[in-house]
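Asks: The structure under discussion is supplied below as structure tokens; questions concerning it will follow.
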Amino acid sequence: MSLSKYLQVITKGDIVVAVLILVAFLASMAFFWLNPGAGQETQDIIAVIELHGEEVDRVELPPEGESKEVEVPLQDVDYEAIIELEHNRARIQRMPEDVCPRGICADTGWVQREGQAIVCVPNRLIIHLEGIEDDDDLDRITG
């Protein structure tokens with residue numbers, strides 16, 4: 001069937017329905033684009049700091065509008081890595097080239113979702129985000 005035959009079959013009602021579907025789709029996309037956290041439960045996040053495979057610290061991220069810096073003394077060099085913490089996000093400040101030659105950990109930027117991590121391979125430093133578990137709540141109920 002050629003395109004002209006399809007165009008003869010399409011009615012004004014078909015066009016109205018197609019436009020309504022398109023508008024609904026675009027409105028929902030705009031809503032989730034403008035509100036990235038919509039539909040997700042907000043929960044507190046902690047930054048877990050590991051050095052040479054061992055957990056060094058667990059730091060609760062500060063409330064909205066506040067920031068915090070954590071200094072982590074590195075083992076193989078005489079330097080302290082500085083970790084910046086803000087509301088639900090964390091990053092490593094850039095270190096000198098002799099401490100971290102390529103600076104990939106600093107280039108990673110902010111991590112802000114549970115499960116994301118920053119890894120500094122030369123110093124064996126890992127910062128990853130975890131959600132704070134509430135033992136009082138049920139995970140799920142099946143029946």
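Following the order of the structure tokens, chains are lettered A, B, ..., residues in each are numbered from 1, and ligands are numbered from 1.
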Taking 4 positions as the minimum chain separation for residues in the same chain, which residues sit within 6 Å of Arg91 (chain A) when counting only C-alpha atoms? Answer as a VMD selection string.
Replies: chain A and resid 83 to 84 109 to 110
Asks: Using only C-alpha atoms, which of the listed residues (A:Val19, A:Leu51, A:Met95, A:Ile127) sits closest to Gly115 (chain A)?
Replies: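 Answer, going by the shortest atom-to-atom distance: A:Ile127.
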Asks: Just list as a PyMOL selection string whatever in chain A DSSP marks as strand (DSSP E).
Replies: chain A and resi 45-51+54-60+67-73+80-86+89-92+117-120+125-131
Asks: Please save N, CA and C atoms of the selected residues as a short mmCIF file (atom, residue, chain, number, x, y, z; two decimals), in the first residue's frame.
Replies:
```
data_model
loop_
_atom_site.label_atom_id
_atom_site.label_comp_id
_atom_site.auth_asym_id
_atom_site.auth_seq_id
_atom_site.Cartn_x
_atom_site.Cartn_y
_atom_site.Cartn_z
N ILE A 45 22.21 9.37 52.65
CA ILE A 45 23.31 8.65 52.04
C ILE A 45 24.56 8.87 52.88
N ILE A 46 25.39 7.84 52.98
CA ILE A 46 26.67 7.97 53.66
C ILE A 46 27.79 7.70 52.66
N ALA A 47 28.93 8.33 52.91
CA ALA A 47 30.12 8.08 52.10
C ALA A 47 30.99 7.10 52.85
N VAL A 48 31.34 6.00 52.21
CA VAL A 48 32.22 5.00 52.80
C VAL A 48 33.60 5.20 52.19
N ILE A 49 34.60 5.40 53.05
CA ILE A 49 35.96 5.66 52.60
C ILE A 49 36.81 4.44 52.89
N GLU A 50 37.44 3.91 51.84
CA GLU A 50 38.31 2.74 51.97
C GLU A 50 39.70 3.10 51.49
N LEU A 51 40.71 2.60 52.21
CA LEU A 51 42.10 2.83 51.85
C LEU A 51 42.83 1.50 51.93
N GLU A 54 40.74 -1.52 53.13
CA GLU A 54 40.13 -1.52 54.46
C GLU A 54 39.31 -0.26 54.66
N GLU A 55 38.15 -0.43 55.28
CA GLU A 55 37.29 0.71 55.54
C GLU A 55 37.92 1.62 56.59
N VAL A 56 38.07 2.89 56.23
CA VAL A 56 38.69 3.88 57.12
C VAL A 56 37.63 4.67 57.86
N ASP A 57 36.54 5.03 57.16
CA ASP A 57 35.53 5.89 57.77
C ASP A 57 34.21 5.74 57.04
N ARG A 58 33.14 6.02 57.77
CA ARG A 58 31.79 6.12 57.21
C ARG A 58 31.27 7.48 57.64
N VAL A 59 31.02 8.34 56.66
CA VAL A 59 30.65 9.71 56.97
C VAL A 59 29.26 9.99 56.43
N GLU A 60 28.37 10.43 57.32
CA GLU A 60 27.04 10.82 56.88
C GLU A 60 27.15 12.16 56.16
N SER A 67 28.30 21.99 53.88
CA SER A 67 29.34 21.16 53.27
C SER A 67 30.34 20.76 54.35
N LYS A 68 31.15 19.78 54.02
CA LYS A 68 32.11 19.24 54.97
C LYS A 68 33.31 18.72 54.18
N GLU A 69 34.49 18.79 54.78
CA GLU A 69 35.69 18.22 54.17
C GLU A 69 36.26 17.18 55.12
N VAL A 70 36.67 16.05 54.55
CA VAL A 70 37.28 14.98 55.33
C VAL A 70 38.69 14.77 54.78
N GLU A 71 39.67 14.78 55.67
CA GLU A 71 41.05 14.55 55.26
C GLU A 71 41.41 13.10 55.53
N VAL A 72 41.96 12.44 54.51
CA VAL A 72 42.35 11.04 54.62
C VAL A 72 43.85 10.94 54.40
N PRO A 73 44.63 10.61 55.46
CA PRO A 73 46.07 10.47 55.27
C PRO A 73 46.38 9.25 54.41
N GLU A 80 47.61 14.20 52.46
CA GLU A 80 46.25 13.88 52.88
C GLU A 80 45.29 14.21 51.75
N ALA A 81 44.55 13.21 51.31
CA ALA A 81 43.52 13.43 50.30
C ALA A 81 42.35 14.15 50.97
N ILE A 82 41.79 15.13 50.28
CA ILE A 82 40.66 15.88 50.82
C ILE A 82 39.40 15.48 50.06
N ILE A 83 38.42 15.03 50.82
CA ILE A 83 37.14 14.61 50.23
C ILE A 83 36.10 15.65 50.60
N GLU A 84 35.47 16.22 49.58
CA GLU A 84 34.42 17.22 49.80
C GLU A 84 33.07 16.52 49.86
N LEU A 85 32.28 16.88 50.86
CA LEU A 85 30.96 16.30 51.03
C LEU A 85 29.92 17.41 51.07
N GLU A 86 28.88 17.24 50.31
CA GLU A 86 27.73 18.14 50.35
C GLU A 86 26.49 17.28 50.47
N ARG A 89 26.07 14.23 47.98
CA ARG A 89 27.09 14.09 46.95
C ARG A 89 28.49 14.23 47.55
N ALA A 90 29.47 13.65 46.85
CA ALA A 90 30.85 13.67 47.33
C ALA A 90 31.81 13.71 46.15
N ARG A 91 33.04 14.22 46.40
CA ARG A 91 34.09 14.21 45.39
C ARG A 91 35.45 14.32 46.06
N ILE A 92 36.50 13.99 45.31
CA ILE A 92 37.87 14.12 45.79
C ILE A 92 38.48 15.36 45.16
N ALA A 117 30.83 5.33 42.82
CA ALA A 117 32.12 5.33 43.52
C ALA A 117 33.14 6.19 42.79
N ILE A 118 34.12 6.65 43.56
CA ILE A 118 35.30 7.32 43.02
C ILE A 118 36.48 6.47 43.44
N VAL A 119 37.37 6.18 42.50
CA VAL A 119 38.52 5.32 42.78
C VAL A 119 39.80 6.06 42.41
N CYS A 120 40.73 6.13 43.36
CA CYS A 120 42.07 6.66 43.10
C CYS A 120 43.00 5.46 43.11
N LEU A 125 42.59 4.34 47.05
CA LEU A 125 41.57 5.05 47.81
C LEU A 125 40.24 4.92 47.07
N ILE A 126 39.20 4.52 47.80
CA ILE A 126 37.87 4.37 47.21
C ILE A 126 36.86 5.10 48.08
N ILE A 127 36.00 5.87 47.45
CA ILE A 127 34.88 6.50 48.14
C ILE A 127 33.63 6.03 47.41
N HIS A 128 32.73 5.38 48.13
CA HIS A 128 31.47 4.99 47.49
C HIS A 128 30.31 5.36 48.39
N LEU A 129 29.16 5.57 47.77
CA LEU A 129 27.97 6.02 48.49
C LEU A 129 27.05 4.85 48.77
N GLU A 130 26.53 4.84 49.98
CA GLU A 130 25.56 3.82 50.39
C GLU A 130 24.37 4.51 51.04
N GLY A 131 23.22 3.89 50.91
CA GLY A 131 22.05 4.38 51.61
C GLY A 131 22.08 3.91 53.05
#
```
Asks: Separation of CA of Leu34 (chain A) and CA of Ala18 (chain A), in Å?
Replies: 24.2 Å
Asks: Residues within 10 Å of Gly103 (chain A), please, as a list in words. Count only C-alpha atoms; anything in the same chain fewer than 2 positions from it doesn't count.
Replies: Ile92, Gln93, Arg94, Met95, Pro96, Glu97, Val99, Cys100, Pro101, Cys105, Ala106, Asp107, Thr108, Cys120, Val121 and Pro122 of chain A
